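Text of the file run08.cif, holding mmCIF, C-alpha atoms:
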data_work
loop_
_atom_site.label_atom_id
_atom_site.label_comp_id
_atom_site.auth_asym_id
_atom_site.auth_seq_id
_atom_site.Cartn_x
_atom_site.Cartn_y
_atom_site.Cartn_z
CA THR A 1 14.32 -70.65 -71.91
CA GLN A 2 12.55 -70.28 -75.24
CA LEU A 3 13.27 -66.74 -76.39
CA LEU A 4 10.95 -64.78 -78.64
CA GLU A 5 12.59 -61.99 -80.62
CA GLN A 6 10.33 -59.28 -81.97
CA SER A 7 11.14 -56.74 -84.65
CA PRO A 8 11.08 -53.90 -85.17
CA GLN A 9 11.16 -52.62 -81.61
CA PHE A 10 9.53 -49.33 -82.59
CA LEU A 11 7.45 -48.34 -85.58
CA SER A 12 5.93 -44.96 -86.37
CA ILE A 13 3.74 -44.67 -89.44
CA GLN A 14 0.99 -42.52 -90.85
CA GLU A 15 -2.63 -43.48 -91.04
CA GLY A 16 -3.39 -45.58 -94.10
CA GLU A 17 0.01 -47.24 -94.38
CA ASN A 18 0.58 -50.98 -94.19
CA LEU A 19 3.04 -52.64 -91.83
CA THR A 20 4.38 -56.01 -90.77
CA VAL A 21 5.89 -56.97 -87.44
CA TYR A 22 7.77 -60.15 -86.75
CA CYS A 23 8.21 -62.68 -83.97
CA ASN A 24 11.08 -65.15 -84.27
CA SER A 25 12.54 -67.94 -82.21
CA SER A 26 15.01 -70.76 -82.56
CA SER A 27 12.56 -72.99 -80.69
CA VAL A 28 9.47 -74.77 -81.91
CA PHE A 29 6.19 -73.78 -80.31
CA SER A 30 2.95 -75.72 -80.24
CA SER A 31 1.17 -72.40 -80.63
CA LEU A 32 1.89 -68.69 -80.50
CA GLN A 33 -0.34 -65.93 -79.27
CA TRP A 34 -0.47 -62.25 -80.18
CA TYR A 35 -1.55 -59.62 -77.65
CA ARG A 36 -2.00 -55.87 -77.86
CA GLN A 37 -1.35 -53.66 -74.88
CA GLU A 38 -2.35 -50.04 -74.46
CA PRO A 39 -0.59 -47.70 -71.99
CA GLY A 40 -1.64 -48.32 -68.40
CA GLU A 41 -3.52 -51.50 -69.23
CA GLY A 42 -2.82 -55.21 -69.35
CA PRO A 43 -2.33 -57.09 -72.64
CA VAL A 44 -5.41 -58.28 -74.50
CA LEU A 45 -5.34 -61.41 -76.63
CA LEU A 46 -5.80 -60.85 -80.37
CA VAL A 47 -5.29 -64.32 -81.77
CA THR A 48 -3.73 -67.74 -81.26
CA VAL A 49 -2.06 -69.55 -84.15
CA VAL A 50 -1.66 -73.29 -83.83
CA THR A 51 -0.93 -75.00 -87.15
CA GLY A 52 2.29 -74.46 -89.09
CA GLY A 53 1.57 -72.27 -92.13
CA GLU A 54 -1.73 -71.11 -90.66
CA VAL A 55 -3.07 -67.69 -91.64
CA LYS A 56 -5.72 -65.96 -89.55
CA LYS A 57 -7.45 -62.70 -90.33
CA LEU A 58 -9.00 -60.33 -87.84
CA LYS A 59 -10.48 -57.44 -89.84
CA ARG A 60 -7.40 -55.50 -91.07
CA LEU A 61 -4.97 -57.71 -89.14
CA THR A 62 -3.46 -60.82 -90.74
CA PHE A 63 -1.49 -63.28 -88.61
CA GLN A 64 0.72 -66.01 -89.99
CA PHE A 65 2.44 -68.92 -88.26
CA GLY A 66 5.61 -70.19 -89.89
CA ASP A 67 5.66 -73.64 -91.43
CA ALA A 68 8.21 -74.80 -88.86
CA ARG A 69 6.26 -73.19 -86.00
CA LYS A 70 9.26 -71.11 -84.96
CA ASP A 71 8.08 -67.71 -86.13
CA SER A 72 5.03 -65.60 -86.73
CA SER A 73 4.12 -62.31 -88.35
CA LEU A 74 1.40 -59.73 -87.98
CA HIS A 75 0.43 -57.59 -90.96
CA ILE A 76 -1.82 -54.56 -90.57
CA THR A 77 -3.48 -53.11 -93.62
CA ALA A 78 -4.42 -49.42 -93.76
CA ALA A 79 -3.35 -48.70 -90.20
CA GLN A 80 -5.50 -46.42 -88.09
CA PRO A 81 -4.65 -44.37 -84.98
CA GLY A 82 -6.67 -46.85 -82.94
CA ASP A 83 -4.08 -49.51 -83.83
CA THR A 84 -1.51 -47.69 -81.73
CA GLY A 85 -0.14 -49.88 -78.96
CA LEU A 86 2.41 -52.48 -77.94
CA TYR A 87 2.11 -55.71 -79.92
CA LEU A 88 3.39 -58.76 -78.07
CA CYS A 89 3.88 -62.32 -79.18
CA ALA A 90 3.89 -65.08 -76.60
CA GLY A 91 4.44 -68.82 -76.38
CA TYR A 92 4.32 -71.41 -73.63
CA SER A 93 7.51 -72.68 -72.04
CA ASN A 94 8.50 -76.31 -72.09
CA SER A 95 7.00 -76.71 -68.61
CA GLY A 96 3.68 -75.72 -70.06
CA TYR A 97 2.94 -73.29 -67.26
CA ALA A 98 4.73 -70.06 -68.07
CA LEU A 99 3.52 -68.00 -71.02
CA ASN A 100 6.66 -66.18 -72.14
CA PHE A 101 6.46 -62.90 -74.01
CA GLY A 102 8.71 -61.17 -76.48
CA LYS A 103 9.75 -57.57 -75.82
CA GLY A 104 7.08 -56.31 -78.18
CA THR A 105 6.78 -53.88 -81.05
CA SER A 106 5.62 -50.42 -80.07
CA LEU A 107 3.43 -49.04 -82.87
CA LEU A 108 2.43 -45.40 -83.26
CA VAL A 109 -0.05 -44.49 -85.99
CA THR A 110 -0.44 -40.77 -86.54
CA PRO A 111 -3.40 -39.15 -88.33
CA ASP B 1 -18.06 -58.52 -66.80
CA THR B 2 -15.98 -58.26 -63.63
CA GLY B 3 -12.63 -59.04 -65.24
CA VAL B 4 -9.35 -59.38 -63.33
CA SER B 5 -9.06 -56.75 -60.62
CA GLN B 6 -5.79 -55.49 -59.19
CA ASN B 7 -5.25 -53.20 -56.23
CA PRO B 8 -3.82 -50.73 -55.76
CA ARG B 9 -3.38 -49.28 -59.26
CA HIS B 10 -0.41 -47.24 -58.14
CA LYS B 11 1.98 -47.60 -55.22
CA ILE B 12 4.81 -45.27 -54.27
CA THR B 13 7.11 -46.45 -51.54
CA LYS B 14 10.51 -45.73 -50.09
CA ARG B 15 13.39 -48.11 -50.55
CA GLY B 16 13.46 -50.72 -47.82
CA GLN B 17 9.73 -50.75 -47.20
CA ASN B 18 7.49 -53.77 -47.74
CA VAL B 19 4.60 -53.65 -50.19
CA THR B 20 1.73 -56.01 -50.93
CA PHE B 21 -0.42 -56.17 -54.03
CA ARG B 22 -3.72 -57.96 -54.44
CA CYS B 23 -5.23 -59.70 -57.46
CA ASP B 24 -8.83 -60.89 -57.75
CA PRO B 25 -9.11 -63.18 -60.77
CA ILE B 26 -12.24 -63.88 -62.77
CA SER B 27 -14.34 -65.92 -60.38
CA GLU B 28 -14.41 -69.30 -62.12
CA HIS B 29 -10.74 -69.18 -63.21
CA ASN B 30 -8.55 -71.64 -61.35
CA ARG B 31 -5.25 -70.56 -62.86
CA LEU B 32 -3.48 -67.36 -61.83
CA TYR B 33 -0.25 -65.75 -63.01
CA TRP B 34 1.94 -62.88 -61.87
CA TYR B 35 4.11 -60.94 -64.32
CA ARG B 36 6.42 -57.95 -64.05
CA GLN B 37 6.81 -55.42 -66.84
CA THR B 38 9.26 -52.56 -67.15
CA LEU B 39 9.10 -49.75 -69.68
CA GLY B 40 9.85 -50.90 -73.19
CA GLN B 41 9.79 -54.58 -72.29
CA GLY B 42 7.29 -57.37 -72.56
CA PRO B 43 5.80 -58.92 -69.43
CA GLU B 44 8.19 -61.24 -67.58
CA PHE B 45 6.74 -64.33 -65.93
CA LEU B 46 7.08 -64.43 -62.14
CA THR B 47 4.90 -67.24 -60.84
CA TYR B 48 1.89 -69.47 -61.54
CA PHE B 49 -0.84 -70.92 -59.34
CA GLN B 50 -3.27 -73.68 -60.08
CA ASN B 51 -5.95 -73.25 -57.45
CA GLU B 52 -3.99 -72.71 -54.24
CA ALA B 53 -0.87 -74.55 -55.37
CA GLN B 54 2.10 -72.53 -56.56
CA LEU B 55 3.39 -74.74 -59.37
CA GLU B 56 6.11 -72.65 -60.95
CA LYS B 57 8.35 -69.78 -59.92
CA SER B 58 10.71 -67.83 -62.14
CA ARG B 59 14.31 -67.20 -61.17
CA LEU B 60 13.27 -63.53 -61.21
CA LEU B 61 11.32 -64.21 -58.02
CA SER B 62 14.03 -63.56 -55.45
CA ASP B 63 13.74 -64.38 -51.75
CA ARG B 64 12.29 -60.92 -51.18
CA PHE B 65 9.24 -61.82 -53.23
CA SER B 66 6.48 -64.07 -52.00
CA ALA B 67 3.13 -64.88 -53.54
CA GLU B 68 0.15 -66.63 -52.02
CA ARG B 69 -3.24 -67.73 -53.14
CA PRO B 70 -5.17 -68.91 -50.10
CA LYS B 71 -8.19 -71.05 -50.87
CA GLY B 72 -7.52 -70.71 -54.57
CA SER B 73 -9.31 -67.39 -54.85
CA PHE B 74 -7.55 -64.02 -54.68
CA SER B 75 -3.76 -63.78 -54.68
CA THR B 76 -1.26 -61.48 -53.03
CA LEU B 77 2.27 -60.60 -54.08
CA GLU B 78 4.52 -59.21 -51.36
CA ILE B 79 7.87 -57.57 -51.91
CA GLN B 80 10.02 -57.17 -48.81
CA ARG B 81 12.79 -54.59 -48.43
CA THR B 82 11.99 -52.96 -51.75
CA GLU B 83 14.79 -51.77 -54.00
CA GLN B 84 14.71 -49.19 -56.77
CA GLY B 85 15.08 -52.00 -59.30
CA ASP B 86 11.72 -53.34 -58.20
CA SER B 87 10.01 -50.36 -59.82
CA ALA B 88 7.79 -51.83 -62.51
CA MET B 89 4.23 -52.66 -63.49
CA TYR B 90 3.07 -55.84 -61.77
CA LEU B 91 0.44 -57.65 -63.81
CA CYS B 92 -1.88 -60.44 -62.75
CA ALA B 93 -3.64 -62.74 -65.19
CA SER B 94 -6.06 -65.61 -64.86
CA SER B 95 -7.38 -68.35 -67.08
CA LEU B 96 -10.03 -71.01 -66.95
CA ASP B 97 -8.31 -74.13 -68.12
CA ARG B 98 -4.99 -75.34 -69.39
CA ALA B 99 -6.20 -76.08 -72.86
CA THR B 100 -3.74 -76.02 -75.72
CA ASN B 101 -4.68 -72.47 -76.63
CA GLU B 102 -5.25 -71.11 -73.18
CA LYS B 103 -6.24 -67.45 -73.18
CA LEU B 104 -4.97 -65.27 -70.38
CA PHE B 105 -7.07 -62.41 -69.08
CA PHE B 106 -4.93 -59.64 -67.62
CA GLY B 107 -5.72 -57.05 -65.01
CA SER B 108 -4.71 -53.41 -65.44
CA GLY B 109 -1.71 -53.90 -63.19
CA THR B 110 -0.17 -52.21 -60.16
CA GLN B 111 2.46 -49.61 -61.00
CA LEU B 112 5.15 -49.65 -58.30
CA SER B 113 7.58 -46.78 -57.87
CA VAL B 114 10.37 -47.24 -55.32
CA LEU B 115 12.03 -43.97 -54.35
#

Please lay out the structure from this file as structure tokens.
Amino acid sequence: TQLLEQSPQFLSIQEGENLTVYCNSSSVFSSLQWYRQEPGEGPVLLVTVVTGGEVKKLKRLTFQFGDARKDSSLHITAAQPGDTGLYLCAGYSNSGYALNFGKGTSLLVTP
Amino acid sequence: DTGVSQNPRHKITKRGQNVTFRCDPISEHNRLYWYRQTLGQGPEFLTYFQNEAQLEKSRLLSDRFSAERPKGSFSTLEIQRTEQGDSAMYLCASSLDRATNEKLFFGSGTQLSVL
């Protein structure tokens, strides 16, 4: 099983602060995906990173895929209360069927 | 935008009872997934269907769990003789094609509470 370790597990910050969350594995992935999940809802895809060293920006969110394709990070600039949620990274198993998720980083942004 | 629909949204049952959940994927999606999620954890893969064929099952899917997808449309997940440890959110997801960067569309889940 290809495990995805996410850190930190919990993060509570004030509006306007910057933050970075991490997704690490000892395995190589062809791609990694980042999802955000709000309470009582299913995860929603934010981005997919494919190429080692790739950086993708989605408004105030910056995603990076490690050169070796074993890790990824998500940086949020000037966090807003609307960013509150569970951030999950995910990668496909060797079988190619199962999309496996990390345990997530629970982010709380207070006004 | 019909999205992935799951019913019921909430289910409370007594230990030992059987429960069945339904998932209606996005209509043109031929791939369907079931996940289980407990509080503070990420979704855990349970099983995967391509059309009506169940191609992969997790070791988490014990003999008490069975999933079907007749005619490759909606899917059902049945849990027999429920246990308190089965309490969780059960999520269904669907996707259109197994491209390299396949995007999964999730439903809102069925929250199961076993008393």

Enumerate, as a PyMOL selection string, the residues matched when the PyMOL selection byres ((chain B) within 9 of (chain A)) is run on the file above. chain B and resi 33+40-48+55-58+89+91-93+98+100-109+111

Give me the result of the PyMOL selection byres ((chain B and resi 30) around 10) on this file, residue by residue, as a ChimeraX atom specification. /B:25-29,31-32,49-52,72-73,94-98

Write to file, as a PDB file, in the frame of the given file, the residues of the selection just made, with C-alpha atoms.
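Saved result, result.pdb, follows:
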ATOM      1  CA  PRO B  25      -9.110 -63.180 -60.770  1.00  0.00           C
ATOM      2  CA  ILE B  26     -12.240 -63.880 -62.770  1.00  0.00           C
ATOM      3  CA  SER B  27     -14.340 -65.920 -60.380  1.00  0.00           C
ATOM      4  CA  GLU B  28     -14.410 -69.300 -62.120  1.00  0.00           C
ATOM      5  CA  HIS B  29     -10.740 -69.180 -63.210  1.00  0.00           C
ATOM      6  CA  ARG B  31      -5.250 -70.560 -62.860  1.00  0.00           C
ATOM      7  CA  LEU B  32      -3.480 -67.360 -61.830  1.00  0.00           C
ATOM      8  CA  PHE B  49      -0.840 -70.920 -59.340  1.00  0.00           C
ATOM      9  CA  GLN B  50      -3.270 -73.680 -60.080  1.00  0.00           C
ATOM     10  CA  ASN B  51      -5.950 -73.250 -57.450  1.00  0.00           C
ATOM     11  CA  GLU B  52      -3.990 -72.710 -54.240  1.00  0.00           C
ATOM     12  CA  GLY B  72      -7.520 -70.710 -54.570  1.00  0.00           C
ATOM     13  CA  SER B  73      -9.310 -67.390 -54.850  1.00  0.00           C
ATOM     14  CA  SER B  94      -6.060 -65.610 -64.860  1.00  0.00           C
ATOM     15  CA  SER B  95      -7.380 -68.350 -67.080  1.00  0.00           C
ATOM     16  CA  LEU B  96     -10.030 -71.010 -66.950  1.00  0.00           C
ATOM     17  CA  ASP B  97      -8.310 -74.130 -68.120  1.00  0.00           C
ATOM     18  CA  ARG B  98      -4.990 -75.340 -69.390  1.00  0.00           C
TER      19      ARG B  98
END

Selection dump of the PyMOL selection byres ((chain B and resi 10) around 12), as a tab-separated table (two decimals) with C-alpha atoms, in the coordinates of the input:
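expr.tsv, freshly written:
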chain	number	residue	atom	x	y	z
A	40	GLY	CA	-1.64	-48.32	-68.40
B	6	GLN	CA	-5.79	-55.49	-59.19
B	7	ASN	CA	-5.25	-53.20	-56.23
B	8	PRO	CA	-3.82	-50.73	-55.76
B	9	ARG	CA	-3.38	-49.28	-59.26
B	11	LYS	CA	1.98	-47.60	-55.22
B	12	ILE	CA	4.81	-45.27	-54.27
B	13	THR	CA	7.11	-46.45	-51.54
B	19	VAL	CA	4.60	-53.65	-50.19
B	20	THR	CA	1.73	-56.01	-50.93
B	21	PHE	CA	-0.42	-56.17	-54.03
B	22	ARG	CA	-3.72	-57.96	-54.44
B	87	SER	CA	10.01	-50.36	-59.82
B	88	ALA	CA	7.79	-51.83	-62.51
B	89	MET	CA	4.23	-52.66	-63.49
B	90	TYR	CA	3.07	-55.84	-61.77
B	91	LEU	CA	0.44	-57.65	-63.81
B	108	SER	CA	-4.71	-53.41	-65.44
B	109	GLY	CA	-1.71	-53.90	-63.19
B	110	THR	CA	-0.17	-52.21	-60.16
B	111	GLN	CA	2.46	-49.61	-61.00
B	112	LEU	CA	5.15	-49.65	-58.30
B	113	SER	CA	7.58	-46.78	-57.87
B	114	VAL	CA	10.37	-47.24	-55.32

Do you have the CA of Thr20 (chain A)-CA of Leu39 (chain B) distance handy? 22.5 Å

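Minimum distance to Ser7 (chain A) across A:Ala79, A:Leu74, A:Leu61, A:Val109 (counting only C-alpha atoms) occurs at A:Leu74.
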
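When CA of Ile79 (chain B) is paired with CA of Thr2 (chain B), their separation reads 26.6 Å.
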
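Rounded to one decimal, CA of Lys14 (chain B) and CA of Arg81 (chain B) lie 9.3 Å from each other.
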
Taking all atoms of region 14-19 of chain A that the file lists and extending 6 Å past them on each side, where is the centre of the axis-aligned box and how long are its edges? Answer in Å to one decimal, as AutoDock Vina command-line options.
--center_x -0.2 --center_y -47.6 --center_z -92.6 --size_x 18.4 --size_y 22.1 --size_z 15.5

Will you give me region 76-88 of chain A, written with all heavy atoms and laid out as a PDB file, in the first residue's frame?
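Result written to decode-v5.pdb:
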ATOM      1  N   ILE A  76      -1.140  28.399   1.105  1.00  0.00           N
ATOM      2  CA  ILE A  76      -2.249  29.347   0.990  1.00  0.00           C
ATOM      3  C   ILE A  76      -1.770  30.711   1.452  1.00  0.00           C
ATOM      4  O   ILE A  76      -1.236  30.844   2.567  1.00  0.00           O
ATOM      5  CB  ILE A  76      -3.477  28.899   1.810  1.00  0.00           C
ATOM      6  CG1 ILE A  76      -3.952  27.521   1.344  1.00  0.00           C
ATOM      7  CG2 ILE A  76      -4.604  29.927   1.677  1.00  0.00           C
ATOM      8  CD1 ILE A  76      -5.154  26.978   2.121  1.00  0.00           C
ATOM      9  N   THR A  77      -1.957  31.683   0.619  1.00  0.00           N
ATOM     10  CA  THR A  77      -1.571  33.056   0.941  1.00  0.00           C
ATOM     11  C   THR A  77      -2.788  33.829   1.425  1.00  0.00           C
ATOM     12  O   THR A  77      -3.866  33.713   0.850  1.00  0.00           O
ATOM     13  CB  THR A  77      -0.997  33.738  -0.308  1.00  0.00           C
ATOM     14  OG1 THR A  77       0.113  32.974  -0.794  1.00  0.00           O
ATOM     15  CG2 THR A  77      -0.539  35.152  -0.004  1.00  0.00           C
ATOM     16  N   ALA A  78      -2.588  34.594   2.491  1.00  0.00           N
ATOM     17  CA  ALA A  78      -3.666  35.448   3.034  1.00  0.00           C
ATOM     18  C   ALA A  78      -4.948  34.645   3.215  1.00  0.00           C
ATOM     19  O   ALA A  78      -5.971  34.935   2.571  1.00  0.00           O
ATOM     20  CB  ALA A  78      -3.886  36.650   2.124  1.00  0.00           C
ATOM     21  N   ALA A  79      -4.893  33.664   4.085  1.00  0.00           N
ATOM     22  CA  ALA A  79      -6.028  32.767   4.286  1.00  0.00           C
ATOM     23  C   ALA A  79      -7.295  33.527   4.672  1.00  0.00           C
ATOM     24  O   ALA A  79      -7.245  34.560   5.362  1.00  0.00           O
ATOM     25  CB  ALA A  79      -5.691  31.735   5.360  1.00  0.00           C
ATOM     26  N   GLN A  80      -8.411  32.994   4.225  1.00  0.00           N
ATOM     27  CA  GLN A  80      -9.718  33.568   4.515  1.00  0.00           C
ATOM     28  C   GLN A  80     -10.590  32.517   5.199  1.00  0.00           C
ATOM     29  O   GLN A  80     -10.365  31.320   5.026  1.00  0.00           O
ATOM     30  CB  GLN A  80     -10.372  34.039   3.211  1.00  0.00           C
ATOM     31  CG  GLN A  80      -9.585  35.129   2.503  1.00  0.00           C
ATOM     32  CD  GLN A  80     -10.205  35.541   1.185  1.00  0.00           C
ATOM     33  OE1 GLN A  80     -11.238  35.010   0.775  1.00  0.00           O
ATOM     34  NE2 GLN A  80      -9.569  36.480   0.504  1.00  0.00           N
ATOM     35  N   PRO A  81     -11.611  32.939   5.952  1.00  0.00           N
ATOM     36  CA  PRO A  81     -12.487  31.963   6.608  1.00  0.00           C
ATOM     37  C   PRO A  81     -13.084  30.944   5.647  1.00  0.00           C
ATOM     38  O   PRO A  81     -13.315  29.796   6.002  1.00  0.00           O
ATOM     39  CB  PRO A  81     -13.565  32.850   7.240  1.00  0.00           C
ATOM     40  CG  PRO A  81     -12.855  34.134   7.522  1.00  0.00           C
ATOM     41  CD  PRO A  81     -11.913  34.315   6.351  1.00  0.00           C
ATOM     42  N   GLY A  82     -13.299  31.341   4.414  1.00  0.00           N
ATOM     43  CA  GLY A  82     -13.833  30.423   3.405  1.00  0.00           C
ATOM     44  C   GLY A  82     -12.872  29.313   3.029  1.00  0.00           C
ATOM     45  O   GLY A  82     -13.267  28.343   2.369  1.00  0.00           O
ATOM     46  N   ASP A  83     -11.610  29.418   3.449  1.00  0.00           N
ATOM     47  CA  ASP A  83     -10.628  28.358   3.188  1.00  0.00           C
ATOM     48  C   ASP A  83     -10.737  27.229   4.206  1.00  0.00           C
ATOM     49  O   ASP A  83     -10.091  26.185   4.049  1.00  0.00           O
ATOM     50  CB  ASP A  83      -9.203  28.914   3.225  1.00  0.00           C
ATOM     51  CG  ASP A  83      -8.931  29.925   2.124  1.00  0.00           C
ATOM     52  OD1 ASP A  83      -9.510  29.774   1.020  1.00  0.00           O
ATOM     53  OD2 ASP A  83      -8.166  30.883   2.362  1.00  0.00           O
ATOM     54  N   THR A  84     -11.516  27.439   5.241  1.00  0.00           N
ATOM     55  CA  THR A  84     -11.685  26.423   6.275  1.00  0.00           C
ATOM     56  C   THR A  84     -12.179  25.114   5.666  1.00  0.00           C
ATOM     57  O   THR A  84     -13.085  25.106   4.827  1.00  0.00           O
ATOM     58  CB  THR A  84     -12.681  26.910   7.340  1.00  0.00           C
ATOM     59  OG1 THR A  84     -12.093  28.013   8.044  1.00  0.00           O
ATOM     60  CG2 THR A  84     -13.040  25.812   8.327  1.00  0.00           C
ATOM     61  N   GLY A  85     -11.562  24.024   6.080  1.00  0.00           N
ATOM     62  CA  GLY A  85     -11.968  22.710   5.572  1.00  0.00           C
ATOM     63  C   GLY A  85     -10.883  21.684   5.792  1.00  0.00           C
ATOM     64  O   GLY A  85      -9.851  21.961   6.387  1.00  0.00           O
ATOM     65  N   LEU A  86     -11.155  20.475   5.304  1.00  0.00           N
ATOM     66  CA  LEU A  86     -10.187  19.378   5.383  1.00  0.00           C
ATOM     67  C   LEU A  86      -9.498  19.263   4.034  1.00  0.00           C
ATOM     68  O   LEU A  86     -10.167  19.067   3.007  1.00  0.00           O
ATOM     69  CB  LEU A  86     -10.910  18.073   5.724  1.00  0.00           C
ATOM     70  CG  LEU A  86     -10.044  16.819   5.846  1.00  0.00           C
ATOM     71  CD1 LEU A  86      -9.108  16.934   7.048  1.00  0.00           C
ATOM     72  CD2 LEU A  86     -10.922  15.565   5.978  1.00  0.00           C
ATOM     73  N   TYR A  87      -8.187  19.395   4.031  1.00  0.00           N
ATOM     74  CA  TYR A  87      -7.406  19.329   2.795  1.00  0.00           C
ATOM     75  C   TYR A  87      -6.782  17.946   2.693  1.00  0.00           C
ATOM     76  O   TYR A  87      -6.041  17.517   3.580  1.00  0.00           O
ATOM     77  CB  TYR A  87      -6.347  20.428   2.761  1.00  0.00           C
ATOM     78  CG  TYR A  87      -6.968  21.786   2.553  1.00  0.00           C
ATOM     79  CD1 TYR A  87      -7.505  22.498   3.619  1.00  0.00           C
ATOM     80  CD2 TYR A  87      -7.056  22.336   1.278  1.00  0.00           C
ATOM     81  CE1 TYR A  87      -8.114  23.732   3.424  1.00  0.00           C
ATOM     82  CE2 TYR A  87      -7.655  23.568   1.072  1.00  0.00           C
ATOM     83  CZ  TYR A  87      -8.189  24.256   2.145  1.00  0.00           C
ATOM     84  OH  TYR A  87      -8.802  25.471   1.945  1.00  0.00           O
ATOM     85  N   LEU A  88      -7.079  17.274   1.600  1.00  0.00           N
ATOM     86  CA  LEU A  88      -6.667  15.888   1.405  1.00  0.00           C
ATOM     87  C   LEU A  88      -5.784  15.762   0.172  1.00  0.00           C
ATOM     88  O   LEU A  88      -6.103  16.326  -0.870  1.00  0.00           O
ATOM     89  CB  LEU A  88      -7.902  15.005   1.201  1.00  0.00           C
ATOM     90  CG  LEU A  88      -8.892  14.922   2.355  1.00  0.00           C
ATOM     91  CD1 LEU A  88     -10.279  14.539   1.843  1.00  0.00           C
ATOM     92  CD2 LEU A  88      -8.414  13.905   3.383  1.00  0.00           C
TER      93      LEU A  88
END
